[in-house]
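K.L.:
Just so it is clear, I am handing over work03.cif, which has mmCIF, N, CA and C atoms.
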```cif
data_upload
#
loop_
_atom_site.label_atom_id
_atom_site.label_comp_id
_atom_site.auth_asym_id
_atom_site.auth_seq_id
_atom_site.Cartn_x
_atom_site.Cartn_y
_atom_site.Cartn_z
N MET A 1 -14.71 7.46 11.90
CA MET A 1 -14.24 6.15 11.54
C MET A 1 -12.74 6.22 11.31
N THR A 2 -12.08 5.17 11.70
CA THR A 2 -10.63 5.11 11.58
C THR A 2 -10.24 3.80 10.91
N PRO A 3 -9.55 3.87 9.80
CA PRO A 3 -9.13 2.63 9.14
C PRO A 3 -8.05 1.92 9.95
N ASP A 4 -7.94 0.62 9.76
CA ASP A 4 -6.85 -0.15 10.37
C ASP A 4 -5.52 0.32 9.79
N ILE A 5 -4.44 -0.05 10.49
CA ILE A 5 -3.10 0.28 10.01
C ILE A 5 -2.92 -0.29 8.60
N GLY A 6 -2.37 0.53 7.71
CA GLY A 6 -2.11 0.10 6.35
C GLY A 6 -3.28 0.27 5.40
N TYR A 7 -4.38 0.85 5.89
CA TYR A 7 -5.56 1.06 5.06
C TYR A 7 -5.95 2.54 5.05
N TYR A 8 -6.71 2.94 4.04
CA TYR A 8 -7.25 4.29 3.98
C TYR A 8 -8.74 4.19 3.63
N ILE A 9 -9.45 5.28 3.88
CA ILE A 9 -10.87 5.34 3.54
C ILE A 9 -10.98 5.61 2.04
N LYS A 10 -11.55 4.66 1.33
CA LYS A 10 -11.70 4.81 -0.12
C LYS A 10 -12.96 5.58 -0.47
N SER A 11 -14.06 5.28 0.23
CA SER A 11 -15.30 6.00 -0.03
C SER A 11 -16.24 5.86 1.15
N VAL A 12 -17.14 6.84 1.27
CA VAL A 12 -18.19 6.82 2.30
C VAL A 12 -19.49 7.22 1.61
N LYS A 13 -20.56 6.47 1.92
CA LYS A 13 -21.87 6.77 1.35
C LYS A 13 -22.93 6.71 2.44
N TYR A 14 -23.95 7.52 2.28
CA TYR A 14 -25.18 7.32 3.05
C TYR A 14 -26.24 6.99 2.03
N ASN A 15 -27.00 5.93 2.31
CA ASN A 15 -27.88 5.32 1.31
C ASN A 15 -27.05 5.09 0.04
N ASP A 16 -27.34 5.67 -1.07
CA ASP A 16 -26.49 5.49 -2.26
C ASP A 16 -25.79 6.77 -2.67
N THR A 17 -25.70 7.73 -1.76
CA THR A 17 -25.11 9.03 -2.07
C THR A 17 -23.69 9.10 -1.51
N GLU A 18 -22.74 9.36 -2.40
CA GLU A 18 -21.34 9.49 -1.98
C GLU A 18 -21.15 10.76 -1.18
N ILE A 19 -20.35 10.66 -0.12
CA ILE A 19 -20.03 11.81 0.73
C ILE A 19 -18.56 12.15 0.52
N GLU A 20 -18.26 13.39 0.24
CA GLU A 20 -16.88 13.84 0.09
C GLU A 20 -16.43 14.46 1.41
N PRO A 21 -15.21 14.18 1.85
CA PRO A 21 -14.75 14.77 3.11
C PRO A 21 -14.46 16.27 2.95
N VAL A 22 -14.73 17.00 4.01
CA VAL A 22 -14.37 18.41 4.09
C VAL A 22 -13.48 18.55 5.31
N ASP A 23 -12.24 18.95 5.09
CA ASP A 23 -11.26 19.05 6.18
C ASP A 23 -11.16 17.73 6.94
N GLY A 24 -11.24 16.61 6.22
CA GLY A 24 -11.09 15.30 6.82
C GLY A 24 -12.32 14.74 7.51
N ALA A 25 -13.43 15.48 7.48
CA ALA A 25 -14.66 15.02 8.14
C ALA A 25 -15.74 14.74 7.10
N TYR A 26 -16.52 13.71 7.37
CA TYR A 26 -17.63 13.32 6.52
C TYR A 26 -18.92 13.72 7.22
N SER A 27 -19.78 14.45 6.53
CA SER A 27 -21.06 14.83 7.14
C SER A 27 -22.14 14.93 6.07
N PHE A 28 -23.40 14.85 6.52
CA PHE A 28 -24.54 14.97 5.61
C PHE A 28 -25.76 15.35 6.43
N ALA A 29 -26.74 15.92 5.74
CA ALA A 29 -28.01 16.26 6.38
C ALA A 29 -28.90 15.02 6.39
N VAL A 30 -29.42 14.67 7.53
CA VAL A 30 -30.25 13.47 7.65
C VAL A 30 -31.60 13.72 6.99
N PRO A 31 -32.00 12.84 6.06
CA PRO A 31 -33.29 13.00 5.41
C PRO A 31 -34.42 12.54 6.34
N ASP A 32 -35.64 12.61 5.87
CA ASP A 32 -36.79 12.20 6.69
C ASP A 32 -37.06 10.71 6.56
N SER A 33 -35.99 9.91 6.56
CA SER A 33 -36.11 8.45 6.46
C SER A 33 -34.87 7.82 7.09
N ASN A 34 -34.91 6.51 7.24
CA ASN A 34 -33.75 5.81 7.79
C ASN A 34 -32.55 5.96 6.85
N VAL A 35 -31.37 5.89 7.44
CA VAL A 35 -30.14 6.07 6.68
C VAL A 35 -29.22 4.88 6.92
N THR A 36 -28.61 4.41 5.85
CA THR A 36 -27.57 3.39 5.94
C THR A 36 -26.26 4.03 5.50
N VAL A 37 -25.28 3.99 6.39
CA VAL A 37 -23.97 4.55 6.09
C VAL A 37 -23.01 3.40 5.83
N THR A 38 -22.27 3.49 4.72
CA THR A 38 -21.28 2.47 4.39
C THR A 38 -19.94 3.13 4.11
N ALA A 39 -18.89 2.42 4.45
CA ALA A 39 -17.53 2.90 4.15
C ALA A 39 -16.76 1.77 3.50
N LYS A 40 -15.96 2.13 2.52
CA LYS A 40 -15.07 1.16 1.88
C LYS A 40 -13.64 1.56 2.20
N PHE A 41 -12.85 0.56 2.52
CA PHE A 41 -11.44 0.79 2.84
C PHE A 41 -10.58 0.06 1.82
N ALA A 42 -9.37 0.55 1.60
CA ALA A 42 -8.45 -0.09 0.67
C ALA A 42 -7.05 -0.05 1.27
N GLN A 43 -6.23 -1.01 0.86
CA GLN A 43 -4.86 -1.05 1.35
C GLN A 43 -4.05 0.08 0.74
N ILE A 44 -3.17 0.65 1.55
CA ILE A 44 -2.25 1.68 1.07
C ILE A 44 -1.11 0.98 0.33
N PRO A 45 -0.87 1.33 -0.93
CA PRO A 45 0.26 0.74 -1.64
C PRO A 45 1.54 1.52 -1.32
N TYR A 46 2.60 0.81 -0.97
CA TYR A 46 3.90 1.42 -0.69
C TYR A 46 4.86 1.06 -1.82
N SER A 47 5.56 2.05 -2.34
CA SER A 47 6.51 1.82 -3.43
C SER A 47 7.80 1.21 -2.89
N LEU A 48 8.33 0.27 -3.64
CA LEU A 48 9.63 -0.33 -3.34
C LEU A 48 10.57 0.05 -4.47
N SER A 49 11.71 0.59 -4.13
CA SER A 49 12.68 0.91 -5.17
C SER A 49 14.04 0.33 -4.78
N THR A 50 14.78 -0.04 -5.78
CA THR A 50 16.11 -0.61 -5.56
C THR A 50 17.12 0.21 -6.35
N ASN A 51 18.37 0.10 -5.94
CA ASN A 51 19.43 0.85 -6.59
C ASN A 51 20.35 -0.14 -7.31
N ASN A 52 20.06 -0.40 -8.56
CA ASN A 52 20.88 -1.32 -9.35
C ASN A 52 21.97 -0.53 -10.07
N ASN A 53 23.16 -1.12 -10.14
CA ASN A 53 24.25 -0.46 -10.85
C ASN A 53 25.21 -1.51 -11.39
N GLU A 54 26.40 -1.06 -11.82
CA GLU A 54 27.36 -1.98 -12.43
C GLU A 54 27.91 -3.01 -11.44
N LEU A 55 27.67 -2.81 -10.15
CA LEU A 55 28.17 -3.75 -9.14
C LEU A 55 27.21 -4.91 -8.89
N GLY A 56 25.95 -4.76 -9.35
CA GLY A 56 24.99 -5.83 -9.16
C GLY A 56 23.56 -5.32 -9.18
N THR A 57 22.64 -6.23 -8.90
CA THR A 57 21.22 -5.89 -8.94
C THR A 57 20.52 -6.38 -7.67
N ILE A 58 19.45 -5.72 -7.34
CA ILE A 58 18.58 -6.12 -6.25
C ILE A 58 17.16 -6.09 -6.79
N SER A 59 16.41 -7.15 -6.55
CA SER A 59 15.00 -7.13 -6.92
C SER A 59 14.17 -7.53 -5.71
N ALA A 60 13.00 -6.91 -5.59
CA ALA A 60 12.08 -7.20 -4.49
C ALA A 60 11.03 -8.18 -4.99
N LYS A 61 10.71 -9.17 -4.13
CA LYS A 61 9.73 -10.18 -4.51
C LYS A 61 8.74 -10.40 -3.37
N ILE A 62 7.51 -10.65 -3.77
CA ILE A 62 6.47 -11.08 -2.83
C ILE A 62 5.92 -12.38 -3.39
N ASP A 63 5.93 -13.42 -2.58
CA ASP A 63 5.47 -14.75 -3.00
C ASP A 63 6.17 -15.21 -4.29
N GLY A 64 7.45 -14.88 -4.41
CA GLY A 64 8.23 -15.31 -5.57
C GLY A 64 8.08 -14.47 -6.81
N ASN A 65 7.25 -13.43 -6.76
CA ASN A 65 7.01 -12.59 -7.94
C ASN A 65 7.67 -11.22 -7.76
N ASP A 66 8.36 -10.76 -8.81
CA ASP A 66 8.95 -9.42 -8.76
C ASP A 66 7.86 -8.38 -8.51
N THR A 67 8.21 -7.37 -7.71
CA THR A 67 7.23 -6.33 -7.41
C THR A 67 7.92 -5.01 -7.15
N THR A 68 7.21 -3.93 -7.35
CA THR A 68 7.67 -2.60 -6.99
C THR A 68 6.70 -1.96 -6.01
N THR A 69 5.70 -2.74 -5.57
CA THR A 69 4.69 -2.24 -4.63
C THR A 69 4.44 -3.29 -3.56
N ALA A 70 4.30 -2.83 -2.32
CA ALA A 70 3.97 -3.73 -1.22
C ALA A 70 2.92 -3.05 -0.35
N HIS A 71 2.30 -3.85 0.52
CA HIS A 71 1.29 -3.36 1.45
C HIS A 71 1.72 -3.68 2.88
N TYR A 72 1.13 -2.99 3.84
CA TYR A 72 1.44 -3.22 5.24
C TYR A 72 1.40 -4.71 5.54
N ASP A 73 2.41 -5.20 6.20
CA ASP A 73 2.54 -6.56 6.68
C ASP A 73 2.88 -7.58 5.58
N ASP A 74 3.12 -7.13 4.34
CA ASP A 74 3.62 -8.05 3.32
C ASP A 74 5.04 -8.48 3.71
N THR A 75 5.41 -9.68 3.33
CA THR A 75 6.79 -10.12 3.50
C THR A 75 7.50 -9.96 2.17
N VAL A 76 8.50 -9.09 2.16
CA VAL A 76 9.25 -8.80 0.93
C VAL A 76 10.59 -9.54 1.02
N THR A 77 10.91 -10.27 -0.02
CA THR A 77 12.19 -10.97 -0.11
C THR A 77 13.05 -10.23 -1.13
N LEU A 78 14.30 -9.98 -0.78
CA LEU A 78 15.22 -9.31 -1.69
C LEU A 78 16.11 -10.34 -2.36
N ASP A 79 16.17 -10.28 -3.67
CA ASP A 79 17.04 -11.14 -4.46
C ASP A 79 18.23 -10.29 -4.87
N ILE A 80 19.39 -10.57 -4.27
CA ILE A 80 20.59 -9.76 -4.48
C ILE A 80 21.55 -10.55 -5.37
N SER A 81 21.91 -9.95 -6.50
CA SER A 81 22.81 -10.61 -7.45
C SER A 81 23.99 -9.70 -7.73
N PRO A 82 25.16 -10.04 -7.19
CA PRO A 82 26.34 -9.20 -7.48
C PRO A 82 26.79 -9.41 -8.92
N ALA A 83 27.47 -8.41 -9.45
CA ALA A 83 28.06 -8.55 -10.78
C ALA A 83 29.07 -9.69 -10.72
N ASP A 84 29.45 -10.22 -11.87
CA ASP A 84 30.32 -11.40 -11.93
C ASP A 84 31.60 -11.26 -11.10
N ASP A 85 32.16 -10.05 -11.01
CA ASP A 85 33.45 -9.87 -10.32
C ASP A 85 33.32 -9.51 -8.85
N TYR A 86 32.12 -9.58 -8.30
CA TYR A 86 31.93 -9.18 -6.90
C TYR A 86 31.31 -10.33 -6.11
N LEU A 87 31.53 -10.33 -4.80
CA LEU A 87 30.99 -11.35 -3.91
C LEU A 87 29.84 -10.79 -3.09
N LYS A 88 28.85 -11.65 -2.76
CA LYS A 88 27.75 -11.23 -1.89
C LYS A 88 28.27 -10.88 -0.50
N ASN A 89 29.18 -11.68 0.03
CA ASN A 89 29.73 -11.46 1.36
C ASN A 89 31.24 -11.36 1.26
N ALA A 90 31.72 -10.16 1.05
CA ALA A 90 33.16 -9.98 0.91
C ALA A 90 33.83 -10.25 2.25
N GLN A 91 34.91 -11.02 2.21
CA GLN A 91 35.65 -11.33 3.44
C GLN A 91 37.11 -10.94 3.21
N ALA A 92 37.69 -10.29 4.23
CA ALA A 92 39.09 -9.86 4.11
C ALA A 92 40.02 -10.95 4.58
#
```
Spit out the file's structure as structure tokens when you get a sec.
P.N.:
Amino acid sequence: MTPDIGYYIKSVKYNDTEIEPVDGAYSFAVPDSNVTVTAKFAQIPYSLSTNNNELGTISAKIDGNDTTTAHYDDTVTLDISPADDYLKNAQA
């Protein structure tokens, strides 16, 4: 099984028994009955960091909310605020 881009395998079970991967592979001994295999996937969280200093601040937002974490295909908006004595677009 291969997760979609931006996702990872969170858990794999056969019937109600959790399977742990060994060297990246999931395996189990088939019992003398039917088996139902289920997999759960979760989004990979990506850290967002900004470099704020005396010249100004940058904050990352998703849907208008400050965030330090994003997921694949999220739209991140940067709010850039220069310090009082600096311009966003310096022109000579």
K.L.:
Would you kindly translate the PyMOL selection byres ((chain A and resi 63-70) around 6.5) into the concrete residues it picks from this file, as a PyMOL selection string?
P.N.:
chain A and resi 44-49+59-62+71-72+74-75+77
K.L.:
On this structure, which residues satisfy the PyMOL selection byres (((chain A and resi 55 and name CA) around 12) and name CA), written as a list in words?
P.N.:
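Selected by the PyMOL selection byres (((chain A and resi 55 and name CA) around 12) and name CA) here: Asn51, Asn52, Asn53, Glu54, Gly56, Thr57, Ile58, Ile80, Ser81, Pro82, Ala83, Asp84, Asp85, Tyr86, Leu87 and Lys88 of chain A.
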K.L.:
May I ask which of the residues A:Asp73, A:Lys40, A:Asp32, A:Thr50 is the closest one to Lys10 of chain A, counting all atoms listed in the file?
P.N.:
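That would be A:Lys40, the residue with the smallest distance to Lys10 of chain A.
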K.L.:
Draw an axis-aligned box tight on the listed atoms of segment 35-53 of chain A, then pad every side by 5 Å and write out centre and edge lengths in Å to one decimal as JSON.
P.N.:
```
{"center_x": -3.1, "center_y": 2.3, "center_z": -2.0, "size_x": 66.6, "size_y": 17.6, "size_z": 28.8}
```
K.L.:
Looking at all atoms listed in the file, which of A:Ala42, A:Val35, A:Ala29, A:Val22 is the one that sits closest to Tyr8 of chain A?
P.N.:
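Among the listed residues, the smallest separation from Tyr8 of chain A belongs to A:Ala42.
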K.L.:
I need the strand (DSSP E or B) residues of segment 52-90 of chain A per DSSP on the backbone, written as a list in words.
P.N.:
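Matching residues, listed in order: Asn53, Gly56, Thr57, Ile58, Ser59, Ala60, Lys61, Ile62, Asn65, Asp66, Thr69, Ala70, Thr77, Leu78, Asp79, Ile80, Ser81 and Pro82 of chain A.
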K.L.:
For the file shown, report as number ranges by chain the outcome of the PyMOL selection byres ((chain A and resi 36) around 7) at residue level.
P.N.:
A: 13-16, 34-35, 37-38
K.L.:
Could you state the separation of atom C of Phe41 of chain A and atom C of Asp23 of chain A in Å, given to one decimal place?
P.N.:
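Between atom C of Phe41 of chain A and atom C of Asp23 of chain A the gap works out to 18.4 Å.
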K.L.:
If you measure from atom C of Ala39 of chain A to atom CA of Ile9 of chain A, what distance in Å do you get, rounded to one decimal?
P.N.:
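Interatomic distance, atom C of Ala39 of chain A to atom CA of Ile9 of chain A: 6.9 Å.
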K.L.:
Could you tell me how far atom CA of Phe28 of chain A sits from atom CA of Ser11 of chain A, in Å to one decimal place?
P.N.:
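Taking atom CA of Ser11 of chain A as the start and atom CA of Phe28 of chain A as the end point, the length is 14.1 Å.
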K.L.:
Emit segment 2-42 of chain A of the structure in the block as a file comprising N, CA and C atoms, as a CSV table (one decimal), in the first residue's frame.
P.N.:
```
chain,number,residue,atom,x,y,z
A,2,THR,N,0.4,2.2,-0.7
A,2,THR,CA,1.2,3.5,-0.8
A,2,THR,C,0.3,4.6,-0.5
A,3,PRO,N,0.6,5.4,0.5
A,3,PRO,CA,-0.2,6.6,0.8
A,3,PRO,C,-0.1,7.6,-0.3
A,4,ASP,N,-1.1,8.5,-0.4
A,4,ASP,CA,-1.1,9.6,-1.4
A,4,ASP,C,0.0,10.6,-0.9
A,5,ILE,N,0.4,11.5,-1.8
A,5,ILE,CA,1.3,12.5,-1.5
A,5,ILE,C,0.9,13.3,-0.3
A,6,GLY,N,1.8,13.5,0.6
A,6,GLY,CA,1.4,14.3,1.8
A,6,GLY,C,0.8,13.5,3.0
A,7,TYR,N,0.7,12.2,2.8
A,7,TYR,CA,0.1,11.3,3.8
A,7,TYR,C,1.1,10.2,4.2
A,8,TYR,N,0.9,9.7,5.4
A,8,TYR,CA,1.7,8.5,5.8
A,8,TYR,C,0.8,7.5,6.4
A,9,ILE,N,1.3,6.2,6.5
A,9,ILE,CA,0.5,5.1,7.0
A,9,ILE,C,0.5,5.3,8.5
A,10,LYS,N,-0.6,5.5,9.1
A,10,LYS,CA,-0.7,5.7,10.6
A,10,LYS,C,-0.8,4.3,11.3
A,11,SER,N,-1.6,3.4,10.7
A,11,SER,CA,-1.8,2.1,11.3
A,11,SER,C,-2.3,1.1,10.3
A,12,VAL,N,-2.0,-0.2,10.5
A,12,VAL,CA,-2.5,-1.3,9.7
A,12,VAL,C,-3.0,-2.4,10.6
A,13,LYS,N,-4.2,-2.9,10.3
A,13,LYS,CA,-4.7,-4.0,11.1
A,13,LYS,C,-5.3,-5.1,10.2
A,14,TYR,N,-5.2,-6.3,10.7
A,14,TYR,CA,-6.0,-7.4,10.1
A,14,TYR,C,-7.0,-7.8,11.2
A,15,ASN,N,-8.2,-7.9,10.8
A,15,ASN,CA,-9.3,-8.1,11.8
A,15,ASN,C,-9.2,-7.0,12.8
A,16,ASP,N,-9.0,-7.2,14.1
A,16,ASP,CA,-8.7,-6.2,15.1
A,16,ASP,C,-7.3,-6.2,15.6
A,17,THR,N,-6.4,-6.8,14.9
A,17,THR,CA,-5.0,-7.0,15.4
A,17,THR,C,-4.1,-6.0,14.7
A,18,GLU,N,-3.4,-5.1,15.4
A,18,GLU,CA,-2.5,-4.2,14.9
A,18,GLU,C,-1.3,-4.9,14.3
A,19,ILE,N,-0.8,-4.5,13.2
A,19,ILE,CA,0.4,-5.0,12.5
A,19,ILE,C,1.5,-4.0,12.6
A,20,GLU,N,2.6,-4.3,13.1
A,20,GLU,CA,3.8,-3.4,13.1
A,20,GLU,C,4.6,-3.7,11.9
A,21,PRO,N,5.1,-2.7,11.2
A,21,PRO,CA,6.0,-2.9,10.1
A,21,PRO,C,7.4,-3.4,10.5
A,22,VAL,N,7.9,-4.3,9.7
A,22,VAL,CA,9.3,-4.8,9.8
A,22,VAL,C,10.0,-4.4,8.5
A,23,ASP,N,11.0,-3.6,8.7
A,23,ASP,CA,11.8,-3.1,7.5
A,23,ASP,C,10.8,-2.5,6.4
A,24,GLY,N,9.8,-1.8,6.9
A,24,GLY,CA,8.8,-1.1,6.0
A,24,GLY,C,7.8,-2.0,5.4
A,25,ALA,N,7.7,-3.3,5.8
A,25,ALA,CA,6.7,-4.2,5.2
A,25,ALA,C,5.8,-4.7,6.4
A,26,TYR,N,4.5,-4.8,6.0
A,26,TYR,CA,3.5,-5.3,6.9
A,26,TYR,C,3.2,-6.7,6.5
A,27,SER,N,3.2,-7.7,7.5
A,27,SER,CA,2.9,-9.0,7.2
A,27,SER,C,2.2,-9.7,8.4
A,28,PHE,N,1.5,-10.8,8.1
A,28,PHE,CA,0.9,-11.6,9.2
A,28,PHE,C,0.6,-13.0,8.7
A,29,ALA,N,0.4,-13.9,9.6
A,29,ALA,CA,0.0,-15.2,9.3
A,29,ALA,C,-1.5,-15.3,9.1
A,30,VAL,N,-2.0,-15.8,8.0
A,30,VAL,CA,-3.4,-15.9,7.8
A,30,VAL,C,-4.0,-17.0,8.7
A,31,PRO,N,-5.1,-16.6,9.5
A,31,PRO,CA,-5.7,-17.6,10.3
A,31,PRO,C,-6.6,-18.5,9.5
A,32,ASP,N,-7.3,-19.4,10.2
A,32,ASP,CA,-8.2,-20.3,9.5
A,32,ASP,C,-9.6,-19.7,9.3
A,33,SER,N,-9.7,-18.4,9.0
A,33,SER,CA,-10.9,-17.7,8.8
A,33,SER,C,-10.7,-16.5,7.8
A,34,ASN,N,-11.8,-15.9,7.4
A,34,ASN,CA,-11.7,-14.7,6.6
A,34,ASN,C,-10.9,-13.6,7.3
A,35,VAL,N,-10.3,-12.7,6.6
A,35,VAL,CA,-9.5,-11.6,7.1
A,35,VAL,C,-9.9,-10.3,6.5
A,36,THR,N,-10.1,-9.3,7.3
A,36,THR,CA,-10.3,-7.9,6.9
A,36,THR,C,-9.1,-7.1,7.2
A,37,VAL,N,-8.5,-6.5,6.2
A,37,VAL,CA,-7.3,-5.7,6.4
A,37,VAL,C,-7.7,-4.2,6.3
A,38,THR,N,-7.3,-3.4,7.2
A,38,THR,CA,-7.7,-2.0,7.2
A,38,THR,C,-6.4,-1.2,7.4
A,39,ALA,N,-6.3,0.0,6.8
A,39,ALA,CA,-5.2,0.9,6.9
A,39,ALA,C,-5.7,2.3,7.2
A,40,LYS,N,-5.1,3.0,8.1
A,40,LYS,CA,-5.4,4.4,8.4
A,40,LYS,C,-4.3,5.2,7.9
A,41,PHE,N,-4.6,6.3,7.3
A,41,PHE,CA,-3.6,7.3,6.8
A,41,PHE,C,-3.8,8.6,7.5
A,42,ALA,N,-2.7,9.4,7.6
A,42,ALA,CA,-2.8,10.7,8.2
A,42,ALA,C,-2.0,11.7,7.5
```
